[in-house]
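Engineer: As input, take coords_10.cif (mmCIF, N, CA and C atoms):
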data_my_file
#
loop_
_atom_site.label_atom_id
_atom_site.label_comp_id
_atom_site.auth_asym_id
_atom_site.auth_seq_id
_atom_site.Cartn_x
_atom_site.Cartn_y
_atom_site.Cartn_z
N MET X 30 -15.84 5.17 -0.01
CA MET X 30 -16.06 3.88 -0.64
C MET X 30 -14.85 3.53 -1.51
N VAL X 31 -14.42 2.31 -1.42
CA VAL X 31 -13.28 1.84 -2.19
C VAL X 31 -13.78 1.21 -3.49
N LEU X 32 -13.20 1.64 -4.60
CA LEU X 32 -13.52 1.07 -5.90
C LEU X 32 -12.57 -0.09 -6.14
N LEU X 33 -13.04 -1.30 -5.87
CA LEU X 33 -12.17 -2.48 -5.87
C LEU X 33 -11.61 -2.87 -7.22
N ASN X 34 -12.15 -2.33 -8.30
CA ASN X 34 -11.63 -2.67 -9.63
C ASN X 34 -10.88 -1.51 -10.28
N ALA X 35 -10.63 -0.45 -9.53
CA ALA X 35 -9.89 0.70 -10.08
C ALA X 35 -8.42 0.33 -10.27
N PRO X 36 -7.77 0.93 -11.26
CA PRO X 36 -6.35 0.65 -11.49
C PRO X 36 -5.48 1.02 -10.29
N ILE X 37 -4.36 0.34 -10.17
CA ILE X 37 -3.35 0.64 -9.15
C ILE X 37 -2.32 1.52 -9.84
N ILE X 38 -2.17 2.76 -9.35
CA ILE X 38 -1.31 3.73 -10.01
C ILE X 38 -0.18 4.15 -9.07
N PRO X 39 1.06 3.73 -9.38
CA PRO X 39 2.20 4.10 -8.54
C PRO X 39 2.30 5.61 -8.36
N TRP X 40 2.73 6.02 -7.17
CA TRP X 40 2.90 7.41 -6.75
C TRP X 40 1.57 8.18 -6.66
N LYS X 41 0.44 7.57 -7.06
CA LYS X 41 -0.86 8.26 -7.07
C LYS X 41 -1.85 7.65 -6.09
N GLY X 42 -2.19 6.35 -6.28
CA GLY X 42 -3.17 5.74 -5.40
C GLY X 42 -3.81 4.51 -6.01
N LEU X 43 -4.90 4.07 -5.39
CA LEU X 43 -5.66 2.91 -5.89
C LEU X 43 -7.05 2.96 -5.28
N GLY X 44 -7.98 2.28 -5.90
CA GLY X 44 -9.33 2.20 -5.37
C GLY X 44 -10.08 3.51 -5.33
N GLY X 45 -9.63 4.49 -6.12
CA GLY X 45 -10.23 5.81 -6.06
C GLY X 45 -9.73 6.62 -4.87
N LEU X 46 -8.71 6.13 -4.18
CA LEU X 46 -8.11 6.79 -3.03
C LEU X 46 -6.77 7.37 -3.45
N ASN X 47 -6.46 8.57 -2.96
CA ASN X 47 -5.25 9.27 -3.40
C ASN X 47 -4.24 9.42 -2.28
N LEU X 48 -2.99 9.08 -2.60
CA LEU X 48 -1.90 9.34 -1.69
C LEU X 48 -1.85 10.85 -1.42
N TYR X 49 -1.33 11.23 -0.28
CA TYR X 49 -1.21 12.61 0.20
C TYR X 49 -2.55 13.21 0.66
N SER X 50 -3.66 12.50 0.48
CA SER X 50 -4.94 13.05 0.93
C SER X 50 -4.99 13.01 2.46
N HIS X 51 -5.84 13.87 3.03
CA HIS X 51 -5.91 14.01 4.48
C HIS X 51 -6.87 12.99 5.10
N ILE X 52 -6.54 12.53 6.28
CA ILE X 52 -7.34 11.53 6.98
C ILE X 52 -8.80 11.95 7.13
N SER X 53 -9.06 13.23 7.23
CA SER X 53 -10.43 13.71 7.38
C SER X 53 -11.31 13.36 6.18
N GLU X 54 -10.71 13.14 5.03
CA GLU X 54 -11.46 12.74 3.83
C GLU X 54 -11.99 11.31 3.94
N TYR X 55 -11.48 10.54 4.91
CA TYR X 55 -11.86 9.15 5.06
C TYR X 55 -12.71 8.90 6.30
N TYR X 56 -13.24 9.97 6.86
CA TYR X 56 -14.06 9.84 8.07
C TYR X 56 -15.20 8.84 7.88
N SER X 57 -15.88 8.91 6.75
CA SER X 57 -17.03 8.03 6.53
C SER X 57 -16.63 6.55 6.48
N ILE X 58 -15.41 6.28 6.07
CA ILE X 58 -14.92 4.90 6.05
C ILE X 58 -14.42 4.49 7.44
N ILE X 59 -13.61 5.34 8.05
CA ILE X 59 -12.96 5.02 9.31
C ILE X 59 -13.96 4.92 10.46
N LYS X 60 -15.00 5.76 10.46
CA LYS X 60 -15.95 5.76 11.59
C LYS X 60 -16.68 4.42 11.74
N ASN X 61 -16.77 3.64 10.66
CA ASN X 61 -17.45 2.35 10.72
C ASN X 61 -16.54 1.20 11.15
N LEU X 62 -15.26 1.46 11.29
CA LEU X 62 -14.33 0.44 11.74
C LEU X 62 -14.35 0.37 13.27
N LYS X 63 -14.03 -0.77 13.82
CA LYS X 63 -14.07 -0.93 15.27
C LYS X 63 -13.03 -0.06 15.97
N GLU X 64 -11.83 -0.02 15.41
CA GLU X 64 -10.73 0.75 15.96
C GLU X 64 -9.59 0.76 14.96
N ALA X 65 -8.55 1.53 15.26
CA ALA X 65 -7.37 1.52 14.41
C ALA X 65 -6.79 0.11 14.44
N ASP X 66 -6.39 -0.37 13.30
CA ASP X 66 -5.80 -1.70 13.20
C ASP X 66 -4.48 -1.75 13.95
N ALA X 67 -3.69 -0.70 13.83
CA ALA X 67 -2.40 -0.68 14.50
C ALA X 67 -1.84 0.73 14.58
N LEU X 68 -1.23 1.03 15.69
CA LEU X 68 -0.46 2.24 15.84
C LEU X 68 0.99 1.80 15.68
N LEU X 69 1.68 2.38 14.71
CA LEU X 69 3.04 1.96 14.39
C LEU X 69 4.01 3.02 14.88
N GLY X 70 4.68 2.75 15.98
CA GLY X 70 5.55 3.74 16.57
C GLY X 70 4.72 4.89 17.11
N LYS X 71 5.26 6.09 17.06
CA LYS X 71 4.55 7.25 17.59
C LYS X 71 3.90 8.09 16.51
N SER X 72 4.19 7.79 15.25
CA SER X 72 3.73 8.72 14.22
C SER X 72 2.88 8.12 13.11
N LEU X 73 2.69 6.80 13.10
CA LEU X 73 1.98 6.18 11.99
C LEU X 73 0.81 5.34 12.50
N VAL X 74 -0.28 5.36 11.74
CA VAL X 74 -1.44 4.55 12.08
C VAL X 74 -1.98 3.93 10.80
N ARG X 75 -2.54 2.74 10.94
CA ARG X 75 -3.13 2.10 9.77
C ARG X 75 -4.54 1.64 10.10
N TYR X 76 -5.39 1.69 9.08
CA TYR X 76 -6.77 1.23 9.19
C TYR X 76 -6.99 0.20 8.09
N GLU X 77 -7.49 -0.97 8.48
CA GLU X 77 -7.75 -2.01 7.48
C GLU X 77 -9.24 -2.12 7.21
N ILE X 78 -9.60 -2.02 5.95
CA ILE X 78 -10.94 -2.33 5.50
C ILE X 78 -10.85 -3.78 5.06
N LYS X 79 -11.38 -4.66 5.85
CA LYS X 79 -11.16 -6.11 5.75
C LYS X 79 -11.19 -6.63 4.32
N ASP X 80 -10.09 -7.26 3.93
CA ASP X 80 -9.92 -7.93 2.64
C ASP X 80 -9.99 -6.99 1.44
N GLU X 81 -10.02 -5.66 1.68
CA GLU X 81 -10.06 -4.69 0.58
C GLU X 81 -8.78 -3.87 0.50
N VAL X 82 -8.57 -3.01 1.49
CA VAL X 82 -7.37 -2.15 1.50
C VAL X 82 -6.93 -1.87 2.93
N ILE X 83 -5.68 -1.45 3.04
CA ILE X 83 -5.16 -0.88 4.29
C ILE X 83 -4.76 0.55 3.97
N LEU X 84 -5.20 1.48 4.81
CA LEU X 84 -4.86 2.90 4.67
C LEU X 84 -3.82 3.23 5.74
N TRP X 85 -2.70 3.79 5.32
CA TRP X 85 -1.59 4.10 6.23
C TRP X 85 -1.43 5.62 6.30
N PHE X 86 -1.56 6.19 7.51
CA PHE X 86 -1.50 7.64 7.70
C PHE X 86 -0.36 8.02 8.64
N ASN X 87 0.18 9.23 8.39
CA ASN X 87 1.11 9.85 9.32
C ASN X 87 0.27 10.70 10.27
N ILE X 88 0.40 10.48 11.56
CA ILE X 88 -0.41 11.19 12.55
C ILE X 88 -0.07 12.68 12.59
N PHE X 89 1.19 13.03 12.40
CA PHE X 89 1.60 14.42 12.56
C PHE X 89 1.07 15.35 11.47
N ASN X 90 0.96 14.85 10.24
CA ASN X 90 0.40 15.72 9.20
C ASN X 90 -0.97 15.23 8.70
N GLY X 91 -1.40 14.06 9.17
CA GLY X 91 -2.71 13.54 8.81
C GLY X 91 -2.83 13.01 7.40
N LYS X 92 -1.70 12.84 6.70
CA LYS X 92 -1.75 12.47 5.29
C LYS X 92 -1.56 10.97 5.06
N LEU X 93 -2.21 10.51 4.00
CA LEU X 93 -2.13 9.12 3.56
C LEU X 93 -0.81 8.93 2.81
N PHE X 94 0.06 8.03 3.33
CA PHE X 94 1.36 7.84 2.70
C PHE X 94 1.50 6.51 1.99
N LYS X 95 0.60 5.55 2.29
CA LYS X 95 0.67 4.25 1.62
C LYS X 95 -0.73 3.66 1.59
N ILE X 96 -1.03 2.96 0.51
CA ILE X 96 -2.30 2.25 0.37
C ILE X 96 -1.95 0.83 -0.08
N THR X 97 -2.53 -0.15 0.60
CA THR X 97 -2.27 -1.55 0.30
C THR X 97 -3.55 -2.23 -0.19
N ALA X 98 -3.48 -2.82 -1.37
CA ALA X 98 -4.59 -3.59 -1.92
C ALA X 98 -4.52 -5.01 -1.38
N LEU X 99 -5.66 -5.52 -0.88
CA LEU X 99 -5.72 -6.85 -0.29
C LEU X 99 -6.47 -7.82 -1.20
N LYS X 100 -6.79 -9.01 -0.70
CA LYS X 100 -7.24 -10.12 -1.54
C LYS X 100 -8.52 -9.86 -2.34
N ASN X 101 -9.42 -9.02 -1.91
CA ASN X 101 -10.64 -8.76 -2.68
C ASN X 101 -10.48 -7.64 -3.70
N TYR X 102 -9.29 -7.06 -3.78
CA TYR X 102 -9.04 -5.98 -4.72
C TYR X 102 -8.79 -6.58 -6.11
N THR X 103 -9.54 -6.15 -7.10
CA THR X 103 -9.43 -6.72 -8.45
C THR X 103 -8.77 -5.79 -9.46
N GLY X 104 -8.51 -4.55 -9.07
CA GLY X 104 -7.84 -3.62 -9.97
C GLY X 104 -6.43 -4.11 -10.28
N LYS X 105 -5.85 -3.57 -11.35
CA LYS X 105 -4.55 -4.05 -11.81
C LYS X 105 -3.49 -2.95 -11.82
N LEU X 106 -2.28 -3.37 -11.61
CA LEU X 106 -1.10 -2.53 -11.72
C LEU X 106 -0.55 -2.67 -13.13
N PHE X 107 -0.27 -1.57 -13.78
CA PHE X 107 0.23 -1.57 -15.17
C PHE X 107 -0.71 -2.36 -16.10
N ASP X 108 -2.00 -2.34 -15.79
CA ASP X 108 -3.05 -3.00 -16.58
C ASP X 108 -2.97 -4.53 -16.62
N VAL X 109 -2.01 -5.15 -15.93
CA VAL X 109 -1.87 -6.61 -15.98
C VAL X 109 -1.56 -7.30 -14.65
N ILE X 110 -0.82 -6.65 -13.77
CA ILE X 110 -0.40 -7.29 -12.52
C ILE X 110 -1.53 -7.19 -11.51
N HIS X 111 -1.86 -8.33 -10.88
CA HIS X 111 -3.00 -8.37 -9.97
C HIS X 111 -2.75 -9.32 -8.80
N ILE X 112 -3.58 -9.18 -7.76
CA ILE X 112 -3.52 -10.07 -6.60
C ILE X 112 -3.77 -11.50 -7.08
N GLY X 113 -2.97 -12.44 -6.59
CA GLY X 113 -3.11 -13.85 -6.95
C GLY X 113 -2.22 -14.29 -8.11
N MET X 114 -1.59 -13.34 -8.77
CA MET X 114 -0.75 -13.65 -9.94
C MET X 114 0.58 -14.27 -9.47
N PRO X 115 1.11 -15.25 -10.19
CA PRO X 115 2.43 -15.81 -9.84
C PRO X 115 3.51 -14.72 -9.93
N ILE X 116 4.38 -14.68 -8.94
CA ILE X 116 5.42 -13.64 -8.90
C ILE X 116 6.38 -13.77 -10.09
N ASP X 117 6.60 -14.97 -10.59
CA ASP X 117 7.47 -15.13 -11.77
C ASP X 117 6.93 -14.36 -12.97
N GLU X 118 5.61 -14.37 -13.15
CA GLU X 118 4.99 -13.60 -14.24
C GLU X 118 5.15 -12.11 -14.00
N VAL X 119 4.99 -11.68 -12.74
CA VAL X 119 5.16 -10.26 -12.40
C VAL X 119 6.56 -9.81 -12.78
N LEU X 120 7.58 -10.61 -12.43
CA LEU X 120 8.97 -10.23 -12.70
C LEU X 120 9.28 -10.19 -14.19
N GLU X 121 8.60 -11.00 -14.97
CA GLU X 121 8.76 -10.94 -16.43
C GLU X 121 8.17 -9.65 -16.99
N ILE X 122 7.05 -9.24 -16.45
CA ILE X 122 6.37 -8.03 -16.92
C ILE X 122 7.09 -6.78 -16.43
N GLU X 123 7.51 -6.79 -15.18
CA GLU X 123 8.14 -5.62 -14.56
C GLU X 123 9.43 -6.01 -13.86
N PRO X 124 10.56 -5.97 -14.58
CA PRO X 124 11.84 -6.41 -14.02
C PRO X 124 12.45 -5.46 -12.99
N SER X 125 11.82 -4.33 -12.71
CA SER X 125 12.37 -3.40 -11.72
C SER X 125 12.19 -3.90 -10.29
N PHE X 126 11.36 -4.92 -10.07
CA PHE X 126 11.16 -5.45 -8.73
C PHE X 126 12.39 -6.23 -8.26
N GLU X 127 12.80 -5.94 -7.02
CA GLU X 127 13.89 -6.68 -6.39
C GLU X 127 13.41 -7.14 -5.02
N TYR X 128 13.81 -8.33 -4.64
CA TYR X 128 13.38 -8.87 -3.35
C TYR X 128 14.21 -8.26 -2.23
N ASP X 129 13.53 -7.77 -1.19
CA ASP X 129 14.17 -7.22 0.00
C ASP X 129 14.09 -8.29 1.09
N ASP X 130 15.23 -8.90 1.41
CA ASP X 130 15.26 -9.98 2.40
C ASP X 130 14.81 -9.53 3.78
N PHE X 131 15.14 -8.31 4.16
CA PHE X 131 14.78 -7.82 5.49
C PHE X 131 13.28 -7.61 5.61
N GLU X 132 12.69 -6.90 4.66
CA GLU X 132 11.25 -6.62 4.68
C GLU X 132 10.41 -7.79 4.17
N GLU X 133 11.05 -8.69 3.45
CA GLU X 133 10.40 -9.85 2.84
C GLU X 133 9.29 -9.45 1.86
N VAL X 134 9.60 -8.45 1.04
CA VAL X 134 8.70 -7.98 -0.01
C VAL X 134 9.51 -7.69 -1.26
N TYR X 135 8.82 -7.64 -2.39
CA TYR X 135 9.44 -7.19 -3.63
C TYR X 135 9.23 -5.68 -3.70
N CYS X 136 10.29 -4.95 -4.01
CA CYS X 136 10.24 -3.50 -4.07
C CYS X 136 10.59 -3.03 -5.47
N SER X 137 9.91 -2.00 -5.90
CA SER X 137 10.24 -1.36 -7.17
C SER X 137 10.50 0.12 -6.91
N PRO X 138 11.53 0.68 -7.54
CA PRO X 138 11.78 2.10 -7.39
C PRO X 138 10.68 2.96 -8.04
N LYS X 139 9.69 2.30 -8.62
CA LYS X 139 8.56 3.00 -9.23
C LYS X 139 7.45 3.26 -8.22
N GLY X 140 7.69 2.99 -6.92
CA GLY X 140 6.73 3.30 -5.87
C GLY X 140 5.79 2.17 -5.52
N ILE X 141 6.28 0.93 -5.57
CA ILE X 141 5.41 -0.23 -5.35
C ILE X 141 6.12 -1.26 -4.46
N TYR X 142 5.34 -1.85 -3.54
CA TYR X 142 5.78 -3.02 -2.79
C TYR X 142 4.81 -4.15 -3.12
N ILE X 143 5.34 -5.36 -3.22
CA ILE X 143 4.49 -6.54 -3.40
C ILE X 143 4.92 -7.60 -2.39
N GLU X 144 3.94 -8.09 -1.63
CA GLU X 144 4.21 -9.22 -0.74
C GLU X 144 3.65 -10.46 -1.40
N THR X 145 4.37 -11.57 -1.27
CA THR X 145 3.95 -12.82 -1.90
C THR X 145 3.69 -13.91 -0.87
N ASP X 146 2.91 -14.87 -1.27
CA ASP X 146 2.67 -16.06 -0.47
C ASP X 146 3.95 -16.90 -0.54
N PRO X 147 4.55 -17.25 0.61
CA PRO X 147 5.82 -17.98 0.58
C PRO X 147 5.71 -19.41 0.05
N ILE X 148 4.52 -19.97 0.03
CA ILE X 148 4.35 -21.34 -0.45
C ILE X 148 3.90 -21.35 -1.91
N GLU X 149 2.89 -20.56 -2.21
CA GLU X 149 2.32 -20.53 -3.56
C GLU X 149 3.10 -19.63 -4.52
N HIS X 150 3.90 -18.70 -3.97
CA HIS X 150 4.67 -17.75 -4.77
C HIS X 150 3.76 -16.91 -5.67
N THR X 151 2.65 -16.47 -5.07
CA THR X 151 1.71 -15.59 -5.76
C THR X 151 1.59 -14.28 -4.99
N VAL X 152 1.09 -13.25 -5.66
CA VAL X 152 0.94 -11.93 -5.07
C VAL X 152 -0.17 -11.95 -4.01
N LEU X 153 0.18 -11.58 -2.78
CA LEU X 153 -0.80 -11.47 -1.69
C LEU X 153 -1.39 -10.07 -1.62
N TRP X 154 -0.52 -9.07 -1.72
CA TRP X 154 -0.98 -7.69 -1.71
C TRP X 154 -0.02 -6.81 -2.50
N ILE X 155 -0.55 -5.65 -2.90
CA ILE X 155 0.22 -4.66 -3.65
C ILE X 155 0.04 -3.33 -2.95
N SER X 156 1.15 -2.65 -2.66
CA SER X 156 1.10 -1.33 -2.03
C SER X 156 1.70 -0.28 -2.94
N VAL X 157 1.09 0.91 -2.92
CA VAL X 157 1.68 2.09 -3.54
C VAL X 157 1.98 3.07 -2.41
N TYR X 158 3.00 3.88 -2.57
CA TYR X 158 3.42 4.77 -1.50
C TYR X 158 3.95 6.07 -2.07
N ILE X 159 4.19 7.04 -1.17
CA ILE X 159 4.67 8.36 -1.59
C ILE X 159 6.18 8.33 -1.81
N LYS X 160 6.67 9.28 -2.58
CA LYS X 160 8.10 9.35 -2.88
C LYS X 160 8.94 9.68 -1.65
N GLU X 161 8.34 10.37 -0.70
CA GLU X 161 9.08 10.83 0.48
C GLU X 161 9.21 9.78 1.58
N ILE X 162 8.78 8.57 1.36
CA ILE X 162 8.74 7.55 2.41
C ILE X 162 10.12 7.24 3.01
N ASP X 163 11.19 7.44 2.27
CA ASP X 163 12.52 7.17 2.78
C ASP X 163 13.26 8.43 3.25
N ASN X 164 12.58 9.57 3.23
CA ASN X 164 13.21 10.81 3.69
C ASN X 164 13.51 10.75 5.18
N GLU X 165 14.54 11.45 5.59
CA GLU X 165 14.97 11.46 6.99
C GLU X 165 13.87 11.96 7.93
N ASP X 166 13.10 12.95 7.51
CA ASP X 166 12.07 13.53 8.37
C ASP X 166 10.66 13.04 8.03
N PHE X 167 10.57 11.86 7.39
CA PHE X 167 9.28 11.30 7.05
C PHE X 167 8.37 11.13 8.26
N ASP X 168 8.90 10.51 9.33
CA ASP X 168 8.10 10.26 10.53
C ASP X 168 7.56 11.54 11.16
N LYS X 169 8.29 12.64 11.02
CA LYS X 169 7.86 13.92 11.59
C LYS X 169 6.74 14.56 10.77
N GLY X 170 6.45 13.99 9.60
CA GLY X 170 5.38 14.53 8.76
C GLY X 170 5.79 15.73 7.94
N ASN X 171 7.09 15.92 7.76
CA ASN X 171 7.59 17.06 6.98
C ASN X 171 7.66 16.72 5.50
N TRP X 172 6.49 16.52 4.92
CA TRP X 172 6.40 16.24 3.49
C TRP X 172 5.03 16.67 3.00
#
Render the structure in this file as structure tokens.
Structural biologist:
Amino acid sequence: MVLLNAPIIPWKGLGGLNLYSHISEYYSIIKNLKEADALLGKSLVRYEIKDEVILWFNIFNGKLFKITALKNYTGKLFDVIHIGMPIDEVLEIEPSFEYDDFEEVYCSPKGIYIETDPIEHTVLWISVYIKEIDNEDFDKGNW
């Protein structure tokens, strides 16, 4: 069960879900979904709990490497940043975010991605991820 009002904690998790945890811990959630939302390449899979969260797993080690909070998630990052907030306010609160033109998201070296609505300029989703996500052998599950 996802705790939709739990804090968003970089490098740790959100919704009562923990990064680095094994996919088998989410059997009760995943078994009720119709199918995997997407297989990404040969080593990554994601499961979306509609309008709540997306769980991103590495197939080779079975571990959760990223969690994305979606529109029904009410928990906050740093006790103030939340879904629907104007990105200008986010940047005032947390200046470590930089826009990545290729990925089209705001990235922070503190372990956070934020995607924004291109018209409203508000936060659409917030992701936390593991520190090893940029390692050379990440896809192989060597973390």
Engineer: Write out as a PyMOL selection string the residues lying within 7 Å of X:Ile143, counting all atoms listed in the file and excluding same-chain residues fewer than 5 positions away.
Structural biologist: chain X and resi 133-137+152-156
Engineer: Can you write just those residues out, N, CA and C atoms, as a PDB file, keeping the file's coordinate frame?
Structural biologist:
ATOM      1  N   GLU X 133      11.050  -8.690   3.450  1.00  0.00           N
ATOM      2  CA  GLU X 133      10.400  -9.850   2.840  1.00  0.00           C
ATOM      3  C   GLU X 133       9.290  -9.450   1.860  1.00  0.00           C
ATOM      4  N   VAL X 134       9.600  -8.450   1.040  1.00  0.00           N
ATOM      5  CA  VAL X 134       8.700  -7.980  -0.010  1.00  0.00           C
ATOM      6  C   VAL X 134       9.510  -7.690  -1.260  1.00  0.00           C
ATOM      7  N   TYR X 135       8.820  -7.640  -2.390  1.00  0.00           N
ATOM      8  CA  TYR X 135       9.440  -7.190  -3.630  1.00  0.00           C
ATOM      9  C   TYR X 135       9.230  -5.680  -3.700  1.00  0.00           C
ATOM     10  N   CYS X 136      10.290  -4.950  -4.010  1.00  0.00           N
ATOM     11  CA  CYS X 136      10.240  -3.500  -4.070  1.00  0.00           C
ATOM     12  C   CYS X 136      10.590  -3.030  -5.470  1.00  0.00           C
ATOM     13  N   SER X 137       9.910  -2.000  -5.900  1.00  0.00           N
ATOM     14  CA  SER X 137      10.240  -1.360  -7.170  1.00  0.00           C
ATOM     15  C   SER X 137      10.500   0.120  -6.910  1.00  0.00           C
ATOM     16  N   VAL X 152       1.090 -13.250  -5.660  1.00  0.00           N
ATOM     17  CA  VAL X 152       0.940 -11.930  -5.070  1.00  0.00           C
ATOM     18  C   VAL X 152      -0.170 -11.950  -4.010  1.00  0.00           C
ATOM     19  N   LEU X 153       0.180 -11.580  -2.780  1.00  0.00           N
ATOM     20  CA  LEU X 153      -0.800 -11.470  -1.690  1.00  0.00           C
ATOM     21  C   LEU X 153      -1.390 -10.070  -1.620  1.00  0.00           C
ATOM     22  N   TRP X 154      -0.520  -9.070  -1.720  1.00  0.00           N
ATOM     23  CA  TRP X 154      -0.980  -7.690  -1.710  1.00  0.00           C
ATOM     24  C   TRP X 154      -0.020  -6.810  -2.500  1.00  0.00           C
ATOM     25  N   ILE X 155      -0.550  -5.650  -2.900  1.00  0.00           N
ATOM     26  CA  ILE X 155       0.220  -4.660  -3.650  1.00  0.00           C
ATOM     27  C   ILE X 155       0.040  -3.330  -2.950  1.00  0.00           C
ATOM     28  N   SER X 156       1.150  -2.650  -2.660  1.00  0.00           N
ATOM     29  CA  SER X 156       1.100  -1.330  -2.030  1.00  0.00           C
ATOM     30  C   SER X 156       1.700  -0.280  -2.940  1.00  0.00           C
TER      31      SER X 156
END
Engineer: DSSP on the backbone, then: every residue of stretch 52-158 of chain X marked strand (DSSP E or B), written as a short mmCIF file (atom, residue, chain, number, x, y, z; two decimals) with N, CA and C atoms, in the frame of the given file.
Structural biologist:
data_model
loop_
_atom_site.label_atom_id
_atom_site.label_comp_id
_atom_site.auth_asym_id
_atom_site.auth_seq_id
_atom_site.Cartn_x
_atom_site.Cartn_y
_atom_site.Cartn_z
N ALA X 67 -3.69 -0.70 13.83
CA ALA X 67 -2.40 -0.68 14.50
C ALA X 67 -1.84 0.73 14.58
N LEU X 68 -1.23 1.03 15.69
CA LEU X 68 -0.46 2.24 15.84
C LEU X 68 0.99 1.80 15.68
N LEU X 69 1.68 2.38 14.71
CA LEU X 69 3.04 1.96 14.39
C LEU X 69 4.01 3.02 14.88
N LEU X 73 2.69 6.80 13.10
CA LEU X 73 1.98 6.18 11.99
C LEU X 73 0.81 5.34 12.50
N VAL X 74 -0.28 5.36 11.74
CA VAL X 74 -1.44 4.55 12.08
C VAL X 74 -1.98 3.93 10.80
N ARG X 75 -2.54 2.74 10.94
CA ARG X 75 -3.13 2.10 9.77
C ARG X 75 -4.54 1.64 10.10
N TYR X 76 -5.39 1.69 9.08
CA TYR X 76 -6.77 1.23 9.19
C TYR X 76 -6.99 0.20 8.09
N GLU X 77 -7.49 -0.97 8.48
CA GLU X 77 -7.75 -2.01 7.48
C GLU X 77 -9.24 -2.12 7.21
N ILE X 78 -9.60 -2.02 5.95
CA ILE X 78 -10.94 -2.33 5.50
C ILE X 78 -10.85 -3.78 5.06
N VAL X 82 -8.57 -3.01 1.49
CA VAL X 82 -7.37 -2.15 1.50
C VAL X 82 -6.93 -1.87 2.93
N ILE X 83 -5.68 -1.45 3.04
CA ILE X 83 -5.16 -0.88 4.29
C ILE X 83 -4.76 0.55 3.97
N LEU X 84 -5.20 1.48 4.81
CA LEU X 84 -4.86 2.90 4.67
C LEU X 84 -3.82 3.23 5.74
N TRP X 85 -2.70 3.79 5.32
CA TRP X 85 -1.59 4.10 6.23
C TRP X 85 -1.43 5.62 6.30
N PHE X 86 -1.56 6.19 7.51
CA PHE X 86 -1.50 7.64 7.70
C PHE X 86 -0.36 8.02 8.64
N ASN X 87 0.18 9.23 8.39
CA ASN X 87 1.11 9.85 9.32
C ASN X 87 0.27 10.70 10.27
N LYS X 92 -1.70 12.84 6.70
CA LYS X 92 -1.75 12.47 5.29
C LYS X 92 -1.56 10.97 5.06
N LEU X 93 -2.21 10.51 4.00
CA LEU X 93 -2.13 9.12 3.56
C LEU X 93 -0.81 8.93 2.81
N PHE X 94 0.06 8.03 3.33
CA PHE X 94 1.36 7.84 2.70
C PHE X 94 1.50 6.51 1.99
N LYS X 95 0.60 5.55 2.29
CA LYS X 95 0.67 4.25 1.62
C LYS X 95 -0.73 3.66 1.59
N ILE X 96 -1.03 2.96 0.51
CA ILE X 96 -2.30 2.25 0.37
C ILE X 96 -1.95 0.83 -0.08
N THR X 97 -2.53 -0.15 0.60
CA THR X 97 -2.27 -1.55 0.30
C THR X 97 -3.55 -2.23 -0.19
N ALA X 98 -3.48 -2.82 -1.37
CA ALA X 98 -4.59 -3.59 -1.92
C ALA X 98 -4.52 -5.01 -1.38
N LEU X 106 -2.28 -3.37 -11.61
CA LEU X 106 -1.10 -2.53 -11.72
C LEU X 106 -0.55 -2.67 -13.13
N ILE X 110 -0.82 -6.65 -13.77
CA ILE X 110 -0.40 -7.29 -12.52
C ILE X 110 -1.53 -7.19 -11.51
N PRO X 115 1.11 -15.25 -10.19
CA PRO X 115 2.43 -15.81 -9.84
C PRO X 115 3.51 -14.72 -9.93
N GLU X 127 12.80 -5.94 -7.02
CA GLU X 127 13.89 -6.68 -6.39
C GLU X 127 13.41 -7.14 -5.02
N TYR X 128 13.81 -8.33 -4.64
CA TYR X 128 13.38 -8.87 -3.35
C TYR X 128 14.21 -8.26 -2.23
N ASP X 129 13.53 -7.77 -1.19
CA ASP X 129 14.17 -7.22 0.00
C ASP X 129 14.09 -8.29 1.09
N VAL X 134 9.60 -8.45 1.04
CA VAL X 134 8.70 -7.98 -0.01
C VAL X 134 9.51 -7.69 -1.26
N TYR X 135 8.82 -7.64 -2.39
CA TYR X 135 9.44 -7.19 -3.63
C TYR X 135 9.23 -5.68 -3.70
N CYS X 136 10.29 -4.95 -4.01
CA CYS X 136 10.24 -3.50 -4.07
C CYS X 136 10.59 -3.03 -5.47
N SER X 137 9.91 -2.00 -5.90
CA SER X 137 10.24 -1.36 -7.17
C SER X 137 10.50 0.12 -6.91
N ILE X 141 6.28 0.93 -5.57
CA ILE X 141 5.41 -0.23 -5.35
C ILE X 141 6.12 -1.26 -4.46
N TYR X 142 5.34 -1.85 -3.54
CA TYR X 142 5.78 -3.02 -2.79
C TYR X 142 4.81 -4.15 -3.12
N ILE X 143 5.34 -5.36 -3.22
CA ILE X 143 4.49 -6.54 -3.40
C ILE X 143 4.92 -7.60 -2.39
N GLU X 144 3.94 -8.09 -1.63
CA GLU X 144 4.21 -9.22 -0.74
C GLU X 144 3.65 -10.46 -1.40
N THR X 145 4.37 -11.57 -1.27
CA THR X 145 3.95 -12.82 -1.90
C THR X 145 3.69 -13.91 -0.87
N THR X 151 2.65 -16.47 -5.07
CA THR X 151 1.71 -15.59 -5.76
C THR X 151 1.59 -14.28 -4.99
N VAL X 152 1.09 -13.25 -5.66
CA VAL X 152 0.94 -11.93 -5.07
C VAL X 152 -0.17 -11.95 -4.01
N LEU X 153 0.18 -11.58 -2.78
CA LEU X 153 -0.80 -11.47 -1.69
C LEU X 153 -1.39 -10.07 -1.62
N TRP X 154 -0.52 -9.07 -1.72
CA TRP X 154 -0.98 -7.69 -1.71
C TRP X 154 -0.02 -6.81 -2.50
N ILE X 155 -0.55 -5.65 -2.90
CA ILE X 155 0.22 -4.66 -3.65
C ILE X 155 0.04 -3.33 -2.95
N SER X 156 1.15 -2.65 -2.66
CA SER X 156 1.10 -1.33 -2.03
C SER X 156 1.70 -0.28 -2.94
N VAL X 157 1.09 0.91 -2.92
CA VAL X 157 1.68 2.09 -3.54
C VAL X 157 1.98 3.07 -2.41
N TYR X 158 3.00 3.88 -2.57
CA TYR X 158 3.42 4.77 -1.50
C TYR X 158 3.95 6.07 -2.07
#
Engineer: List every protein, DNA or RNA residue that has an atom no more than 9 Å from (-3.1, -1.0, -11.4) in the file's coordinate frame, counting only C-alpha atoms, and report them as a PyMOL selection string.
Structural biologist: chain X and resi 34-39+43+104-111
